[in-house]
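So this block is data05.txt, compact mmCIF, C-alpha atoms and all ligand atoms:
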```txt
# COMPACT_ATOMS: atom_id res chain seq x y z
CA MET A 15 4.79 -22.86 19.24
CA THR A 16 5.28 -19.60 17.38
CA ASP A 17 3.28 -16.42 17.78
CA LEU A 18 3.20 -14.26 14.64
CA LYS A 19 1.32 -11.31 16.17
CA SER A 20 2.33 -7.83 15.10
CA THR A 21 1.17 -4.28 15.74
CA TYR A 22 0.72 -2.10 12.70
CA MET A 23 -0.47 1.54 12.77
CA GLY A 24 -1.90 0.84 16.21
CA LEU A 25 -3.88 -2.18 15.01
CA SER A 26 -3.26 -5.59 16.55
CA LEU A 27 -2.63 -8.05 13.74
CA LYS A 28 -2.57 -11.82 14.17
CA ASN A 29 0.40 -11.96 11.77
CA PRO A 30 2.27 -9.52 9.52
CA ILE A 31 0.62 -10.41 6.16
CA ILE A 32 -1.88 -7.87 4.81
CA VAL A 33 -3.63 -8.15 1.46
CA GLY A 34 -2.78 -4.89 -0.36
CA ALA A 35 -5.24 -2.77 -2.34
CA ASN A 36 -6.53 -4.47 -5.49
CA PRO A 37 -9.85 -5.16 -7.25
CA MET A 38 -10.13 -8.76 -5.95
CA VAL A 39 -11.31 -7.30 -2.64
CA THR A 40 -14.59 -6.08 -4.17
CA LYS A 41 -15.94 -9.66 -4.12
CA LEU A 42 -17.06 -10.77 -0.67
CA ASP A 43 -16.18 -14.37 -1.61
CA ASN A 44 -12.58 -13.34 -2.16
CA LEU A 45 -12.46 -11.49 1.14
CA LYS A 46 -13.54 -14.68 2.90
CA LYS A 47 -10.87 -16.62 1.00
CA PHE A 48 -8.17 -14.16 2.15
CA GLU A 49 -9.40 -14.34 5.72
CA ASP A 50 -9.62 -18.15 5.68
CA ALA A 51 -6.11 -18.37 4.21
CA GLY A 52 -4.84 -16.44 7.25
CA ALA A 53 -4.50 -12.82 6.06
CA ALA A 54 -4.17 -10.45 9.03
CA ALA A 55 -5.90 -7.49 7.36
CA VAL A 56 -7.11 -6.28 3.97
CA VAL A 57 -6.73 -2.95 2.20
CA TYR A 58 -9.78 -2.11 0.09
CA LYS A 59 -9.12 -0.89 -3.47
CA THR A 60 -8.50 2.83 -3.74
CA LEU A 61 -11.24 5.38 -4.09
CA PHE A 62 -9.86 7.69 -6.79
CA GLU A 63 -11.13 11.24 -7.24
CA GLU A 64 -11.38 10.67 -11.00
CA GLN A 65 -13.68 7.74 -10.35
CA ILE A 66 -15.98 9.93 -8.25
CA ASN A 67 -16.03 12.65 -10.91
CA LEU A 68 -16.56 10.18 -13.72
CA GLU A 69 -19.51 8.61 -11.97
CA SER A 70 -21.03 12.04 -11.33
CA ILE A 71 -20.60 13.03 -14.98
CA GLN A 72 -22.17 9.77 -16.15
CA LEU A 73 -25.01 10.30 -13.76
CA GLN A 74 -25.58 13.86 -14.92
CA SER A 75 -25.72 12.84 -18.58
CA GLU A 76 -28.15 10.06 -17.72
CA LEU A 77 -30.27 12.54 -15.83
CA THR A 78 -30.52 14.97 -18.73
CA GLU A 79 -31.33 12.09 -21.11
CA TYR A 80 -34.24 10.98 -18.93
CA ASP A 81 -35.35 14.33 -17.63
CA GLU A 82 -38.49 13.13 -15.89
CA ARG A 83 -36.81 10.24 -14.14
CA GLY A 84 -33.92 12.54 -13.28
CA ALA A 85 -36.22 15.03 -11.57
CA GLU A 86 -37.70 12.20 -9.53
CA MET A 87 -34.27 10.94 -8.53
CA VAL A 88 -33.18 14.41 -7.48
CA HIS A 89 -36.30 14.61 -5.36
CA ILE A 90 -35.55 11.27 -3.71
CA HIS A 91 -31.80 11.94 -3.37
CA PRO A 92 -31.32 15.66 -2.74
CA HIS A 93 -27.53 15.19 -2.34
CA LEU A 94 -27.19 13.55 -5.71
CA GLU A 95 -24.00 15.42 -6.58
CA HIS A 96 -22.22 13.22 -4.03
CA ALA A 97 -23.55 10.00 -5.48
CA GLY A 98 -20.19 9.28 -7.14
CA SER A 99 -18.64 7.80 -4.03
CA ALA A 100 -21.81 6.23 -2.68
CA GLU A 101 -21.36 2.83 -4.29
CA HIS A 102 -17.75 2.58 -3.15
CA LEU A 103 -18.67 3.58 0.41
CA PHE A 104 -21.56 1.11 0.44
CA ASN A 105 -19.28 -1.70 -0.77
CA ILE A 106 -16.71 -0.91 1.91
CA THR A 107 -19.43 -1.09 4.56
CA LYS A 108 -20.40 -4.53 3.24
CA ALA A 109 -16.76 -5.65 3.20
CA LYS A 110 -16.30 -4.47 6.77
CA GLU A 111 -19.37 -6.43 7.87
CA ALA A 112 -18.11 -9.57 6.11
CA LEU A 113 -14.65 -9.53 7.70
CA GLU A 114 -13.45 -10.27 11.20
CA ILE A 115 -9.93 -9.05 10.45
CA PRO A 116 -9.23 -5.30 10.14
CA LEU A 117 -10.18 -3.52 6.91
CA ILE A 118 -8.22 -0.49 5.74
CA ALA A 119 -9.68 1.94 3.18
CA SER A 120 -7.50 3.58 0.54
CA LEU A 121 -7.82 7.05 -1.01
CA ASN A 122 -6.21 8.98 -3.85
CA CYS A 123 -7.46 12.48 -4.62
CA ILE A 124 -6.33 15.56 -6.51
CA TYR A 125 -7.59 18.59 -4.59
CA PRO A 126 -6.91 19.17 -0.88
CA GLU A 127 -10.59 19.67 -0.08
CA THR A 128 -11.56 16.39 -1.79
CA TRP A 129 -8.83 14.51 0.11
CA ILE A 130 -10.35 15.72 3.35
CA GLU A 131 -14.00 15.25 2.37
CA TYR A 132 -13.50 11.63 1.27
CA ALA A 133 -11.13 10.75 4.10
CA VAL A 134 -13.99 11.64 6.45
CA GLU A 135 -16.54 9.67 4.40
CA LEU A 136 -14.31 6.59 4.30
CA ALA A 137 -13.66 6.78 8.04
CA GLN A 138 -17.42 6.95 8.65
CA THR A 139 -17.89 3.52 7.02
CA GLY A 140 -16.36 1.98 10.14
CA VAL A 141 -13.06 0.88 8.58
CA ASP A 142 -10.17 0.28 10.96
CA GLY A 143 -7.63 2.45 9.17
CA LEU A 144 -7.07 4.69 6.18
CA GLU A 145 -4.23 4.39 3.66
CA LEU A 146 -3.46 7.53 1.67
CA ASN A 147 -2.19 6.57 -1.75
CA PHE A 148 -0.01 9.60 -2.50
CA PHE A 149 0.73 8.58 -6.07
CA ALA A 150 0.59 11.43 -8.62
CA THR A 151 2.58 11.95 -11.80
CA PRO A 152 4.40 15.26 -12.20
CA LYS A 153 2.68 17.45 -14.81
CA ASP A 154 5.07 20.31 -15.50
CA LEU A 155 8.70 21.33 -15.38
CA GLN A 156 8.14 24.23 -13.03
CA THR A 157 6.75 22.83 -9.78
CA ASP A 158 9.60 21.91 -7.49
CA ALA A 159 9.67 18.79 -5.34
CA GLY A 160 9.52 20.68 -2.03
CA THR A 161 6.25 22.39 -3.02
CA ILE A 162 4.58 19.08 -3.88
CA GLU A 163 5.90 17.40 -0.73
CA ASP A 164 4.77 20.23 1.55
CA LYS A 165 1.28 20.14 0.02
CA ARG A 166 1.09 16.41 0.75
CA ALA A 167 2.20 16.93 4.34
CA ALA A 168 -0.41 19.69 4.75
CA ILE A 169 -3.17 17.40 3.41
CA LEU A 170 -2.13 14.65 5.83
CA LYS A 171 -2.12 17.10 8.74
CA GLU A 172 -5.65 18.24 7.91
CA ILE A 173 -6.88 14.65 7.52
CA LYS A 174 -5.39 13.72 10.89
CA LYS A 175 -7.36 16.56 12.49
CA VAL A 176 -10.73 15.28 11.26
CA VAL A 177 -10.28 11.49 11.10
CA HIS A 178 -10.04 9.45 14.28
CA ILE A 179 -8.70 6.18 12.90
CA PRO A 180 -5.04 5.39 12.15
CA VAL A 181 -3.74 6.86 8.89
CA SER A 182 -0.94 5.36 6.80
CA VAL A 183 0.75 6.74 3.69
CA LYS A 184 1.65 4.62 0.68
CA LEU A 185 4.54 6.19 -1.18
CA SER A 186 6.48 5.54 -4.35
CA SER A 187 10.26 5.49 -4.11
CA PHE A 188 10.60 8.38 -6.56
CA TYR A 189 11.79 11.06 -4.17
CA THR A 190 15.28 12.52 -4.22
CA ASN A 191 15.41 11.67 -0.53
CA PRO A 192 12.59 9.29 0.41
CA LEU A 193 13.83 9.34 4.03
CA ASN A 194 13.23 13.08 4.23
CA MET A 195 9.72 12.72 2.78
CA VAL A 196 8.94 9.99 5.31
CA GLY A 197 10.29 12.27 8.07
CA LYS A 198 8.07 15.18 6.94
CA LEU A 199 4.98 12.98 6.81
CA SER A 200 5.83 11.41 10.13
CA GLU A 201 5.91 14.89 11.67
CA ALA A 202 2.57 15.61 10.01
CA GLY A 203 1.11 12.65 11.93
CA ALA A 204 1.38 9.53 9.71
CA ASP A 205 0.81 6.40 11.79
CA ALA A 206 2.46 4.13 9.22
CA PHE A 207 4.26 4.00 5.88
CA VAL A 208 3.74 1.55 3.06
CA LEU A 209 7.01 1.36 1.12
CA PHE A 210 6.76 1.27 -1.82
CA ASN A 211 3.86 1.51 -4.21
CA ARG A 212 4.43 -0.05 -7.62
CA LEU A 213 3.46 2.39 -10.32
CA PHE A 214 1.65 1.65 -13.51
CA GLU A 215 3.79 2.70 -16.44
CA PRO A 216 2.72 3.71 -19.94
CA GLU A 217 3.45 1.34 -22.83
CA ILE A 218 3.44 1.65 -26.63
CA ASP A 219 2.42 -1.01 -29.15
CA ILE A 220 4.74 -0.59 -32.15
CA ASN A 221 2.42 -2.57 -34.46
CA THR A 222 -0.59 -0.34 -33.93
CA GLN A 223 1.60 2.67 -33.07
CA SER A 224 -0.63 3.50 -30.18
CA HIS A 225 -0.53 3.66 -26.41
CA VAL A 226 -1.66 0.57 -24.60
CA ALA A 227 -2.76 0.13 -21.01
CA LYS A 228 -0.92 -2.86 -19.62
CA LEU A 229 -1.42 -4.08 -16.10
CA GLU A 230 1.66 -5.95 -14.99
CA LEU A 231 2.26 -7.80 -11.77
CA SER A 232 5.45 -7.31 -9.76
CA ALA A 233 8.32 -9.67 -10.29
CA GLU A 234 9.57 -11.86 -7.46
CA GLY A 235 12.33 -10.08 -5.60
CA ASP A 236 11.11 -6.55 -6.30
CA TYR A 237 11.09 -5.96 -2.54
CA LYS A 238 14.75 -4.90 -2.28
CA MET A 239 14.10 -1.16 -2.38
CA SER A 240 11.63 -1.63 0.50
CA LEU A 241 14.21 -3.65 2.38
CA ARG A 242 16.80 -0.89 2.05
CA TYR A 243 14.57 1.96 3.22
CA ILE A 244 12.84 0.01 5.97
CA GLY A 245 16.29 -1.03 7.20
CA MET A 246 17.28 2.63 7.38
CA LEU A 247 14.02 3.87 8.92
CA TYR A 248 13.68 1.24 11.64
CA ASP A 249 14.02 2.86 15.07
CA ASN A 250 14.32 6.28 13.44
CA ILE A 251 10.68 7.32 13.17
CA ASN A 252 7.62 7.12 15.34
CA ALA A 253 5.45 5.20 12.82
CA SER A 254 4.92 1.61 11.68
CA LEU A 255 6.61 0.29 8.58
CA CYS A 256 4.94 -1.90 5.99
CA ALA A 257 6.90 -3.39 3.10
CA ASN A 258 5.32 -3.68 -0.34
CA SER A 259 6.18 -4.80 -3.89
CA GLY A 260 7.45 -8.16 -5.06
CA ILE A 261 6.90 -10.06 -1.80
CA TYR A 262 6.09 -13.58 -2.95
CA GLU A 263 7.32 -16.05 -0.32
CA GLY A 264 7.54 -16.52 3.43
CA ALA A 265 11.31 -16.05 3.13
CA ASP A 266 10.75 -12.55 1.67
CA VAL A 267 8.57 -11.62 4.66
CA ILE A 268 11.27 -12.89 7.07
CA LYS A 269 13.90 -10.71 5.33
CA LEU A 270 11.70 -7.62 5.61
CA LEU A 271 10.96 -8.34 9.29
CA LEU A 272 14.70 -8.69 9.92
CA ALA A 273 15.16 -5.28 8.25
CA GLY A 274 12.53 -3.83 10.60
CA ALA A 275 9.08 -4.08 8.95
CA ASP A 276 5.99 -4.42 11.14
CA ALA A 277 3.93 -5.84 8.30
CA VAL A 278 3.91 -6.52 4.56
CA GLU A 279 1.27 -5.97 1.90
CA VAL A 280 0.95 -8.56 -0.86
CA VAL A 281 -1.04 -8.57 -4.11
CA SER A 282 0.84 -10.08 -7.08
CA THR A 283 1.68 -13.34 -5.30
CA ILE A 284 -2.06 -13.86 -4.65
CA TYR A 285 -2.89 -13.21 -8.30
CA LYS A 286 -0.21 -15.72 -9.33
CA HIS A 287 -0.57 -18.40 -6.66
CA LYS A 288 -4.13 -17.89 -5.29
CA PRO A 289 -5.01 -16.98 -1.67
CA VAL A 290 -3.61 -20.30 -0.39
CA GLN A 291 -0.19 -18.71 -0.89
CA ILE A 292 -0.84 -16.67 2.28
CA THR A 293 -1.18 -19.92 4.28
CA LYS A 294 2.00 -21.26 2.76
CA MET A 295 3.90 -18.06 3.57
CA LEU A 296 2.68 -18.12 7.18
CA ASN A 297 3.67 -21.78 7.57
CA ASP A 298 7.12 -21.04 6.18
CA ILE A 299 7.59 -18.11 8.59
CA SER A 300 6.55 -20.29 11.57
CA GLU A 301 8.85 -23.10 10.47
CA TRP A 302 11.80 -20.73 10.15
CA MET A 303 11.07 -19.20 13.56
CA GLU A 304 10.93 -22.64 15.17
CA LYS A 305 14.20 -23.62 13.53
CA ASN A 306 15.82 -20.45 14.85
CA ASN A 307 14.25 -20.68 18.32
CA TYR A 308 12.12 -17.57 18.01
CA ALA A 309 8.73 -17.61 19.74
CA TYR A 310 7.74 -14.04 18.78
CA ILE A 311 8.38 -11.79 15.81
CA ASN A 312 9.69 -9.03 18.07
CA GLU A 313 12.64 -11.27 19.01
CA PHE A 314 14.13 -10.81 15.54
CA ARG A 315 12.33 -7.82 14.03
CA GLY A 316 14.88 -5.16 13.09
CA LYS A 317 17.82 -7.45 13.89
CA LEU A 318 19.40 -6.51 10.56
CA ALA A 319 18.25 -2.87 10.47
CA ARG A 320 20.94 -0.24 10.08
CA VAL A 321 20.92 0.63 13.79
CA ASN A 322 21.56 -2.99 14.74
CA THR A 323 23.95 -4.18 12.10
CA LYS A 324 27.64 -4.45 12.85
CA ASP A 325 28.59 -3.58 9.28
CA PRO A 326 28.10 0.21 9.12
CA PHE A 327 28.33 0.25 5.33
CA VAL A 328 25.65 -2.27 4.52
CA TYR A 329 22.96 0.35 3.80
CA LYS A 330 25.35 2.89 2.32
CA ARG A 331 27.05 3.87 -0.90
CA ALA A 332 30.21 2.11 0.18
CA GLN A 333 28.50 -1.24 -0.24
CA TYR A 334 27.44 -0.28 -3.76
CA ILE A 335 31.00 0.69 -4.68
CA ASP A 336 32.30 -2.52 -3.16
CA LEU A 337 29.87 -4.57 -5.26
CA ILE A 338 30.81 -2.75 -8.47
CA LEU A 339 34.52 -3.19 -7.80
CA ARG A 340 34.01 -6.90 -7.10
CA SER A 341 31.58 -7.46 -10.00
CA GLU A 342 34.05 -9.55 -12.07
CA GLU A 343 34.53 -11.93 -9.17
CA LEU A 344 30.81 -11.98 -8.20
CA LEU A 345 29.60 -12.63 -11.74
CA LYS A 346 32.22 -15.27 -12.49
CA GLY A 347 30.79 -17.88 -14.82
CA THR A 348 28.54 -15.39 -16.61
CA THR A 349 29.74 -15.38 -20.22
CA VAL A 350 28.94 -12.83 -22.93
C1 LIG A 401 -4.63 -5.34 -10.48
C2 LIG A 401 -4.04 -4.42 -9.47
C3 LIG A 401 -4.81 -3.39 -8.95
C4 LIG A 401 -4.28 -2.54 -7.97
N1 LIG A 401 -5.07 -1.57 -7.43
C5 LIG A 401 -4.54 -0.76 -6.47
C6 LIG A 401 -5.33 0.24 -5.85
O1 LIG A 401 -6.54 0.39 -6.09
N2 LIG A 401 -4.72 1.04 -4.93
C7 LIG A 401 -3.40 0.92 -4.58
O2 LIG A 401 -2.92 1.68 -3.73
N3 LIG A 401 -2.65 -0.03 -5.15
C8 LIG A 401 -3.19 -0.85 -6.07
N4 LIG A 401 -2.41 -1.82 -6.63
C9 LIG A 401 -1.00 -1.93 -6.19
C10 LIG A 401 -0.87 -2.98 -5.10
O3 LIG A 401 -1.65 -2.68 -3.95
C11 LIG A 401 0.60 -3.12 -4.67
O4 LIG A 401 1.05 -1.90 -4.14
C12 LIG A 401 1.51 -3.49 -5.83
O5 LIG A 401 0.90 -4.42 -6.70
C13 LIG A 401 2.81 -4.05 -5.31
O6 LIG A 401 2.60 -5.18 -4.50
P1 LIG A 401 2.76 -6.68 -5.06
O7 LIG A 401 4.11 -6.77 -5.61
O8 LIG A 401 2.51 -7.58 -3.92
O9 LIG A 401 1.73 -6.82 -6.15
C14 LIG A 401 -2.93 -2.69 -7.56
C15 LIG A 401 -2.17 -3.74 -8.10
C16 LIG A 401 -2.71 -4.60 -9.04
C17 LIG A 401 -1.86 -5.69 -9.58
```
Could I get this file's structure written as structure tokens?
Amino acid sequence: MTDLKSTYMGLSLKNPIIVGANPMVTKLDNLKKFEDAGAAAVVYKTLFEEQINLESIQLQSELTEYDERGAEMVHIHPHLEHAGSAEHLFNITKAKEALEIPLIASLNCIYPETWIEYAVELAQTGVDGLELNFFATPKDLQTDAGTIEDKRAAILKEIKKVVHIPVSVKLSSFYTNPLNMVGKLSEAGADAFVLFNRLFEPEIDINTQSHVAKLELSAEGDYKMSLRYIGMLYDNINASLCANSGIYEGADVIKLLLAGADAVEVVSTIYKHKPVQITKMLNDISEWMEKNNYAYINEFRGKLARVNTKDPFVYKRAQYIDLILRSEELLKGTTV
């Protein structure tokens, strides 16, 4: 018998597979499907500051269009200016009620005060944890990386003062030294790191000569950047590690656990293979553990992390150079 239990950001999980933030979670039916398939936790889709503002603007224009009705609504709801997040918060409350497994809320804001205000509101819904989605695109050539990073760490520190549930940070890999950023945020109080977010990129349609919004899923195998950094962070910081991006199979989860992950977040594989994929992944992990005589995840978690590997160069530049120098031999059979 295998026991897949894991602890992630202080939460006890029945296994390491978490459904990452995505719009499927807004349907209670889907949440039940994820839970029935064996998911250990769910991250609710992100509350974005733009979404709050947009809803408030829409509401205001509706109110001026129907002045009388607007006056009545203001009377009934004196805090109408905050109505933008109300629907999201209400839906999270419903999701929390529907689930037995932990639910984690996700937030992405622009201004420090909004980060703090909505972190508190999300925590008040009764969610088990909060994931800060620190994705933002650089806007100018002047602001240096350190300034942006320090602002993020300050926001996290403030949130940790007012929120009494575990807080994780979901990062992109686009830092000159992601390890340093993780270190800074760990000092600021992060309980966990989700490495790494997959960013939505702009695209251009050459036929219409216009920008197009294209939502693409990850490709299988896109987890290697996570594997590298989790392997280097394991046993080096006082926070949980969650791998994300391109995790499709049970074998991928095993690799990330061997590197040192406490959990993984999956989205694309569910879009492609339906929630039953979670069951399949869990079965594959159990089967592999049985074959290798492991009863618990902790018996092999981090076994191939940098601190535990005999090959000191495996996570370093030397390995990269070695691969380049041996590329002819490694790619033998590939013709051009
Ligand atoms: C349709 C869609 C919507 C997503 N929405 C969110 C979101 O609201 N917040 C967030 O942090 N990530 C969001 N993501 C990113 C996923 O949570 C995840 O980080 C990313 O897809 C990489 O994981 P995967 O390879 O398992 O898909 C979304 C992804 C997809 C495909």
Fill in the blank from the handout: Counting only C-alpha atoms, the residue among A:Arg320, A:Lys288, A:Arg242, A:Arg212 that lies closest to Glu230 of chain A is A:Arg212
Which residues of chain A come within 9 Å of ligand LIG 401 (chain A), and what is each one's closest atom pair and distance in Å (one decimal), counting only C-alpha atoms and all ligand atoms, sorted by chain and residue number, as CSV?
```
residue,atom,partner,partner_atom,distance
A:Val33,CA,A:LIG401,O3,7.9
A:Gly34,CA,A:LIG401,O3,4.4
A:Ala35,CA,A:LIG401,O3,3.9
A:Asn36,CA,A:LIG401,N1,3.8
A:Pro37,CA,A:LIG401,C3,5.6
A:Met38,CA,A:LIG401,C1,7.9
A:Val57,CA,A:LIG401,O3,8.0
A:Tyr58,CA,A:LIG401,O1,7.4
A:Lys59,CA,A:LIG401,O1,3.9
A:Thr60,CA,A:LIG401,O1,3.9
A:Leu61,CA,A:LIG401,O1,7.1
A:Phe62,CA,A:LIG401,O1,8.0
A:Ser120,CA,A:LIG401,O2,6.5
A:Leu121,CA,A:LIG401,O2,7.8
A:Asn122,CA,A:LIG401,O2,8.0
A:Glu145,CA,A:LIG401,O2,8.0
A:Leu146,CA,A:LIG401,O2,8.0
A:Asn147,CA,A:LIG401,O2,5.3
A:Phe148,CA,A:LIG401,O2,8.5
A:Phe149,CA,A:LIG401,O2,8.1
A:Lys184,CA,A:LIG401,O2,7.0
A:Val208,CA,A:LIG401,O4,8.4
A:Leu209,CA,A:LIG401,O4,8.6
A:Phe210,CA,A:LIG401,O4,6.9
A:Asn211,CA,A:LIG401,O4,4.4
A:Arg212,CA,A:LIG401,C12,4.9
A:Leu213,CA,A:LIG401,C9,7.5
A:Phe214,CA,A:LIG401,C15,8.5
A:Leu229,CA,A:LIG401,C1,6.6
A:Glu230,CA,A:LIG401,C17,6.5
A:Leu231,CA,A:LIG401,C17,5.1
A:Ser232,CA,A:LIG401,O7,4.4
A:Ala233,CA,A:LIG401,O7,6.9
A:Glu234,CA,A:LIG401,O7,7.7
A:Gly235,CA,A:LIG401,O7,8.9
A:Asp236,CA,A:LIG401,O7,7.0
A:Tyr237,CA,A:LIG401,O7,7.7
A:Ala257,CA,A:LIG401,O6,8.9
A:Asn258,CA,A:LIG401,O6,5.2
A:Ser259,CA,A:LIG401,O7,3.3
A:Gly260,CA,A:LIG401,O7,3.7
A:Ile261,CA,A:LIG401,O8,5.5
A:Tyr262,CA,A:LIG401,O8,7.1
A:Val278,CA,A:LIG401,O8,8.7
A:Glu279,CA,A:LIG401,O8,6.2
A:Val280,CA,A:LIG401,O8,3.6
A:Val281,CA,A:LIG401,O8,3.7
A:Ser282,CA,A:LIG401,O9,3.5
A:Thr283,CA,A:LIG401,O8,6.0
A:Ile284,CA,A:LIG401,O8,7.8
A:Tyr285,CA,A:LIG401,C17,7.7
```
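Between atom CA of Glu63 of chain A and atom CA of Thr128 of chain A the separation is 7.5 Å.
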Exercise for the section: Can you pull out every residue within 10 Å of Pro180 of chain A, counting all atoms listed in the file, but drop anything in the same chain fewer than 2 positions away, and send it as a PyMOL selection string? Expected result: chain A and resi 22-25+118+137+141-145+174+177-178+182+203-206
Handout entry: Nearest residue to Ala150 of chain A from the set A:Ile268, A:Ala55, A:Leu185, A:Ala133 (distances using only C-alpha atoms)
Key = A:Leu185
